[in-house]
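Undergrad: To start, I am sharing the structure in question, which I have written as structure tokens.
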Amino acid sequence: MDDITWPDLPAAQQPPWPEQAEVDQAVAQLRLLPPLVFAGEADLLTDRLAQASRGEAFVLTGGDCAETFDANTAESIRARLKTVLQMSVVLTYAASLPVVKMGRLAGQYFKPRSKTIELRDGVELTSYLGDAVNALEFTPQMRRPDPQRLIQAYHASATALNLVRAFTQGGYADLRQVHAWNQDFVRDSTAGQRYEQLAGHIDRALAFMQACGTDPIEFERVEFYAAHEALSMDYERALTRIDSRTGKPYDVSGHFLWIGERTRQLDGAHIHFASAISNPIGMKVGPTASPDEIVEAAQVLNPDRIPGRLSLITRMGAGKVRDVLPNIVQKVDASGIPVVWVCDPMHGNTREASSGHKTRLFDDVIDEVEGYFEVHRNLGTFPGGIHVELTGDDVTECVGAPAVLPKPTCISVTRPRAIRGSIGNKVSNSPSLSRTCCSSAEVVRAGARVPAKSPQPLVADHEA
Ligand code: PEP
């Protein structure tokens with residue numbers, strides 16, 4: 001058993017576990033469980049991300065805001081995977097660039113919250129902190145943080161990852177299945193029809209290549225990586241192991257771990273944890289960040305200046321991206337520390353609707369993406385990827401849905417298609433990227449199924 005010791009640093013956003021003995025017991029159990037990913041896979045992902053840092057690939061990370069144990073079904077996992085595959089095929093086609101595919105899945109069971117206590121009708125209970133900690137149901141029993149849920153989260157992650165590996169390696173992600181990734185409930189929409197057209201082009205290209213006698217194995221499988229926020233120090237530390245090949249620590253709970261906007265204190269446990277592991281890591285960067293503190297964090301997180309090691313996931317909000325992002329990008333760029341610049345257009349764009357629900361306006365999401373591309377184009381830096389919350393379910397009805405939380409859904413598949421159309425155009429038109437593209441006319445800024453009312457709220461509250 002690897003014995004890694006961790007310094008006692010302040011850790012933000014940790015669950016108020018009622019009994020330390022229960023936590024110790026769960027952590028001891030976790031430490032005996034097998035790794036969910038292999039360190040070598042994490043290294044391969046670092047190499048792929050290094051390509052994105054040089055403008056030779058584009059990163060697509062997509063998945064739930066928060067996974068739930070109930071939604072850990074074959075249908076739901078397949079639907080999310082389909083959506084990412086669809087988005088990535090459109091992006092690849094638009095930009096003629098490899099797309100590094102990551103899912104916010106198999107570990108996204110923890111949520112940071114701005115309030116640790118929720119008050120309803122005079123009753124105060126611990127806020128919902130993700131299925132790995134407590135349950136959404138507002139009763140004292142269900143809201144009690146229960147460390148045994150950490151074990152459940154591990155097993156749920158293992159089953160999700162197993163299915164994802166089966167799908168991506170076993171034929172479901174074969175490019176010849178490109179039509180099958182179009183969801184039934186979108187197929188007849190304008191967006192669905194445009195996707196079918198694009199899939200038809202891909203079919204013909206594949207048939208042509210086959211007729212010429214080439215049928216590369218690469219078309220049959222895809223590399224797909226699992227990513228989640230490294231929020232719970234109990235969980236992530238317990239799943240950190242020394243890799244027998246390199247003698248270095250890897251967090252084997254997922255391939256890619258990121259630190260959230262609320263836990264990136266320079267002297268805190270999360271930054272220290274991320275600096276200690278050898279996985280590729282990310283850090284969210286919000287609008288209040290100063291360029292100097294981001295350079296300092298980048299120095300701590302990537303002291304050896306390894307390309308692909310660090311992604312800075314910027315989530316400024318549509319109104320601020322053009323003002324705040326340039327200084328940060330310039331300063332980090334001038335430091336010489338290589339990073340992948342990724343845009344998260346979700347978390348800086350939450351608003352409170354009149355109902356009290358947290359929502360996002362679709363136009364803000366698109367505007368932030370556009371601002372992100374503009375900033376990088378103006379500075380000559382590489383827009384390396386996009387990080388979005390999405391679901392494969394037909395959830396447009398979640399607009400205005402009661403939102404105490406979270407159906408962990410933020411955009412339905414129709415919306416990623418609109419987003420990927422917009423991004424496809426931007427990636428393909430970006431002079432910063434090293435390759436040029438096919439006709440952006442193939443990439444459609446698709447119409448949405450959400451009744452055309454602008455701006456359109458996207459999300460029922462999930463307190464981003
Ligand atoms: C998230 O990605 O789920 C999240 C809460 O993001 P942020 O840390 O940027 O708020």
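By convention in this document, the chains of the structure tokens carry letters A, B, ... by their order, each chain's residues are numbered from 1, and ligands are numbered from 1 in the order they are shown.
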Chain A near ligand 1 within 8 Å: what's each residue's closest atom pair and its distance in Å to one decimal, counting only C-alpha atoms and all ligand atoms, ordered by chain then ascending residue number, as CSV?
TA:
residue,atom,partner,partner_atom_place_in_ligand_line,distance
A:Cys65,CA,ligand 1,3 (O),5.3
A:Ala66,CA,ligand 1,3 (O),7.0
A:Lys111,CA,ligand 1,5 (C),6.4
A:Pro112,CA,ligand 1,5 (C),5.9
A:Arg113,CA,ligand 1,5 (C),7.9
A:Glu229,CA,ligand 1,2 (O),6.9
A:Ile259,CA,ligand 1,8 (O),7.0
A:Gly260,CA,ligand 1,8 (O),3.4
A:Glu261,CA,ligand 1,8 (O),3.8
A:Arg262,CA,ligand 1,8 (O),5.7
A:Thr263,CA,ligand 1,8 (O),7.6
A:Lys284,CA,ligand 1,9 (O),5.2
A:Val285,CA,ligand 1,9 (O),7.0
A:Gly286,CA,ligand 1,9 (O),6.8
A:Ile313,CA,ligand 1,9 (O),7.9
A:Thr314,CA,ligand 1,9 (O),7.9
A:Arg315,CA,ligand 1,9 (O),6.2
A:Asp344,CA,ligand 1,9 (O),7.6
A:His347,CA,ligand 1,9 (O),5.2
A:Gly348,CA,ligand 1,9 (O),7.2
A:Glu389,CA,ligand 1,2 (O),7.9
A:Glu463,CA,ligand 1,5 (C),7.8
A:Ala464,CA,ligand 1,5 (C),4.9
Undergrad: Applying 7 Å and only C-alpha atoms, which residues near region 5-19 of chain A remain after dropping the ones on its own chain fewer than 3 positions away? List them as a PyMOL selection string.
TA: chain A and resi 22-23+112+145-146+232+263+268-270
Undergrad: Taking only C-alpha atoms into account, produce a table as CSV in which each residue of region 214-236 of chain A with an atom at most 8 Å from an atom of region 77-101 of chain A appears once, together with its shortest atom pair and the distance in Å to one decimal, ordered by chain and rising number.
TA:
residue,atom,partner,partner_atom,distance
A:Glu223,CA,A:Lys101,CA,6.9
A:Phe224,CA,A:Lys101,CA,5.2
A:Tyr225,CA,A:Lys101,CA,6.3
Undergrad: Keeping N, CA and C atoms, export the residues of the selection given above as a short mmCIF file (atom, residue, chain, number, x, y, z; two decimals), in the first residue's frame.
TA:
data_model
loop_
_atom_site.label_atom_id
_atom_site.label_comp_id
_atom_site.auth_asym_id
_atom_site.auth_seq_id
_atom_site.Cartn_x
_atom_site.Cartn_y
_atom_site.Cartn_z
N GLU A 223 -10.23 7.61 -28.49
CA GLU A 223 -9.68 7.82 -27.14
C GLU A 223 -10.66 8.73 -26.42
N PHE A 224 -11.04 8.33 -25.25
CA PHE A 224 -11.99 9.12 -24.48
C PHE A 224 -11.49 9.14 -23.04
N TYR A 225 -11.42 10.31 -22.48
CA TYR A 225 -10.84 10.44 -21.14
C TYR A 225 -11.88 10.91 -20.13
#
Undergrad: Set the distance at 8 Å and use only C-alpha atoms: which residues neighbour region 380-387 of chain A once local chain neighbours fewer than 6 positions away are removed? I'd like the list as a tab-separated table (two decimals) with N, CA and C atoms, in the first residue's frame.
TA:
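Okay, around.tsv is ready:
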chain	number	residue	atom	x	y	z
A	52	ALA	N	-2.76	20.38	-28.04
A	52	ALA	CA	-3.71	21.50	-27.98
A	52	ALA	C	-3.01	22.79	-27.54
A	53	SER	N	-2.01	22.67	-26.68
A	53	SER	CA	-1.30	23.88	-26.24
A	53	SER	C	-0.54	24.53	-27.39
A	54	ARG	N	-0.27	23.72	-28.43
A	54	ARG	CA	0.46	24.26	-29.60
A	54	ARG	C	-0.47	24.57	-30.77
A	55	GLY	N	-1.78	24.42	-30.54
A	55	GLY	CA	-2.72	24.70	-31.62
A	55	GLY	C	-2.83	23.57	-32.63
A	57	ALA	N	-4.39	20.62	-31.84
A	57	ALA	CA	-5.57	19.82	-31.49
A	57	ALA	C	-6.52	20.74	-30.73
A	58	PHE	N	-7.75	20.28	-30.58
A	58	PHE	CA	-8.73	21.08	-29.86
A	58	PHE	C	-9.38	20.17	-28.82
A	59	VAL	N	-9.53	20.68	-27.60
A	59	VAL	CA	-10.06	19.86	-26.51
A	59	VAL	C	-11.56	20.07	-26.37
A	60	LEU	N	-12.27	18.99	-26.25
A	60	LEU	CA	-13.71	19.09	-25.98
A	60	LEU	C	-14.00	18.32	-24.70
A	61	THR	N	-14.42	19.04	-23.68
A	61	THR	CA	-14.82	18.39	-22.43
A	61	THR	C	-16.31	18.64	-22.25
A	62	GLY	N	-17.06	17.58	-22.05
A	62	GLY	CA	-18.50	17.78	-21.90
A	62	GLY	C	-19.09	16.74	-20.97
A	313	ILE	N	-8.77	26.90	-17.41
A	313	ILE	CA	-10.14	26.84	-17.92
A	313	ILE	C	-10.82	28.15	-17.54
A	340	VAL	N	-2.77	25.04	-21.73
A	340	VAL	CA	-3.85	24.90	-22.71
A	340	VAL	C	-4.93	25.89	-22.27
A	341	TRP	N	-5.30	26.78	-23.15
A	341	TRP	CA	-6.37	27.73	-22.81
A	341	TRP	C	-7.70	27.12	-23.20
A	342	VAL	N	-8.54	26.88	-22.20
A	342	VAL	CA	-9.84	26.25	-22.45
A	342	VAL	C	-10.92	27.22	-22.01
A	343	CYS	N	-12.01	27.26	-22.75
A	343	CYS	CA	-13.12	28.16	-22.39
A	343	CYS	C	-14.26	27.37	-21.77
A	344	ASP	N	-14.65	27.74	-20.58
A	344	ASP	CA	-15.87	27.21	-19.96
A	344	ASP	C	-16.90	28.34	-20.03
A	345	PRO	N	-17.82	28.27	-20.98
A	345	PRO	CA	-18.76	29.39	-21.12
A	345	PRO	C	-19.99	29.24	-20.24
A	372	TYR	N	-13.87	34.63	-26.22
A	372	TYR	CA	-12.66	33.81	-25.98
A	372	TYR	C	-11.84	33.67	-27.27
A	373	PHE	N	-12.54	33.36	-28.38
A	373	PHE	CA	-11.81	33.24	-29.66
A	373	PHE	C	-11.23	34.59	-30.09
A	427	VAL	N	-13.16	27.76	-34.67
A	427	VAL	CA	-11.92	26.99	-34.71
A	427	VAL	C	-11.39	27.00	-36.13
A	432	SER	N	-4.95	31.45	-35.45
A	432	SER	CA	-3.96	30.98	-34.48
A	432	SER	C	-3.73	29.49	-34.61
A	433	LEU	N	-4.71	28.81	-35.18
A	433	LEU	CA	-4.55	27.37	-35.24
A	433	LEU	C	-3.76	27.00	-36.47
Undergrad: Could you write out, as JSON, numbers by chain, all the residues of region 105-150 of chain A that DSSP marks as helix (DSSP H, G or I)?
TA: {"A": [140, 141, 142, 143, 148, 149, 150]}
Undergrad: Please list as a count of residues only every residue within 12 Å of region 68-70 of chain A, counting only C-alpha atoms and excluding residues in the same chain fewer than 4 positions away.
TA: 39
Undergrad: Of the candidates A:Pro280, A:Pro326, A:Gly247, A:Gly392, which one gets nearest to Leu44 (chain A) if we count only C-alpha atoms?
TA: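 Going through A:Pro280, A:Pro326, A:Gly247, A:Gly392 one by one, the smallest distance to Leu44 (chain A) is for A:Pro280.
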Undergrad: Using only C-alpha atoms, which residues sit within 12 Å of Asp292 (chain A) once same-chain residues fewer than 5 positions away are excluded, as JSON, numbers by chain?
TA: {"A": [266, 297, 298, 299, 327, 328, 329, 330, 331, 332, 333, 334, 335]}
Undergrad: For N, CA and C atoms, I'd like the residues from the last selection saved as a PDB file, in the first residue's frame.
TA:
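Result went into again_7.pdb, see below:
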ATOM      1  N   LEU A 266      -3.898  29.779  -3.301  1.00  0.00           N
ATOM      2  CA  LEU A 266      -2.495  29.393  -3.521  1.00  0.00           C
ATOM      3  C   LEU A 266      -1.895  28.599  -2.366  1.00  0.00           C
ATOM      4  N   ALA A 297       0.147  30.651  -9.643  1.00  0.00           N
ATOM      5  CA  ALA A 297      -0.443  29.306  -9.564  1.00  0.00           C
ATOM      6  C   ALA A 297       0.116  28.419 -10.675  1.00  0.00           C
ATOM      7  N   ALA A 298       0.252  28.985 -11.863  1.00  0.00           N
ATOM      8  CA  ALA A 298       0.764  28.190 -12.996  1.00  0.00           C
ATOM      9  C   ALA A 298       2.187  27.726 -12.702  1.00  0.00           C
ATOM     10  N   GLN A 299       2.942  28.568 -12.040  1.00  0.00           N
ATOM     11  CA  GLN A 299       4.319  28.223 -11.683  1.00  0.00           C
ATOM     12  C   GLN A 299       4.329  27.052 -10.702  1.00  0.00           C
ATOM     13  N   ASN A 327      -5.449  40.375 -20.261  1.00  0.00           N
ATOM     14  CA  ASN A 327      -4.312  40.596 -19.353  1.00  0.00           C
ATOM     15  C   ASN A 327      -3.788  39.286 -18.779  1.00  0.00           C
ATOM     16  N   ILE A 328      -4.722  38.397 -18.478  1.00  0.00           N
ATOM     17  CA  ILE A 328      -4.300  37.105 -17.899  1.00  0.00           C
ATOM     18  C   ILE A 328      -3.536  36.305 -18.948  1.00  0.00           C
ATOM     19  N   VAL A 329      -4.081  36.249 -20.142  1.00  0.00           N
ATOM     20  CA  VAL A 329      -3.419  35.472 -21.204  1.00  0.00           C
ATOM     21  C   VAL A 329      -2.035  36.052 -21.480  1.00  0.00           C
ATOM     22  N   GLN A 330      -1.970  37.375 -21.570  1.00  0.00           N
ATOM     23  CA  GLN A 330      -0.675  38.002 -21.883  1.00  0.00           C
ATOM     24  C   GLN A 330       0.376  37.693 -20.827  1.00  0.00           C
ATOM     25  N   LYS A 331      -0.053  37.814 -19.571  1.00  0.00           N
ATOM     26  CA  LYS A 331       0.904  37.627 -18.482  1.00  0.00           C
ATOM     27  C   LYS A 331       1.382  36.162 -18.419  1.00  0.00           C
ATOM     28  N   VAL A 332       0.451  35.234 -18.566  1.00  0.00           N
ATOM     29  CA  VAL A 332       0.847  33.823 -18.517  1.00  0.00           C
ATOM     30  C   VAL A 332       1.733  33.502 -19.721  1.00  0.00           C
ATOM     31  N   ASP A 333       1.349  34.020 -20.858  1.00  0.00           N
ATOM     32  CA  ASP A 333       2.132  33.774 -22.067  1.00  0.00           C
ATOM     33  C   ASP A 333       3.558  34.313 -21.896  1.00  0.00           C
ATOM     34  N   ALA A 334       3.647  35.498 -21.313  1.00  0.00           N
ATOM     35  CA  ALA A 334       4.969  36.107 -21.135  1.00  0.00           C
ATOM     36  C   ALA A 334       5.819  35.311 -20.141  1.00  0.00           C
ATOM     37  N   SER A 335       5.161  34.587 -19.238  1.00  0.00           N
ATOM     38  CA  SER A 335       5.918  33.811 -18.246  1.00  0.00           C
ATOM     39  C   SER A 335       6.611  32.604 -18.881  1.00  0.00           C
TER      40      SER A 335
END
Undergrad: I'd like the contact shell of region 30-40 of chain A - 10 Å cut-off, only C-alpha atoms, skipping same-chain residues fewer than 5 positions apart - returned as a ChimeraX atom specification.
TA: /A:1-3,24-25,45-46,106-107,148,150-151,154-155,157-159,161-162,225-226,234-246,248-255,278-279
Undergrad: Report the distance between CA of His272 (chain A) and CA of Leu310 (chain A) in Å, rounded to one decimal place.
TA: 13.9 Å
Undergrad: In Å, how far is it from CA of Gln51 (chain A) to CA of Arg305 (chain A)?
TA: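 Computing it gives 14.3 Å between the two atoms.
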Undergrad: Go ahead and compute the interatomic distance for CA of Leu231 (chain A) and CA of Trp258 (chain A), in Å to one decimal.
TA: 8.4 Å
Undergrad: A:Pro287, A:Arg176, A:Pro140, A:Ala50: which is nearest Gln210 (chain A), counting only C-alpha atoms?
TA: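 Nearest to Gln210 (chain A): A:Arg176.
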Undergrad: Run DSSP on the backbone of this structure and report the residues of region 74-286 of chain A it assigns to strand (DSSP E), as a ChimeraX atom specification.
TA: /A:99-104,117-120,123-126,224-229,240-242,249-251,256-259,281-285
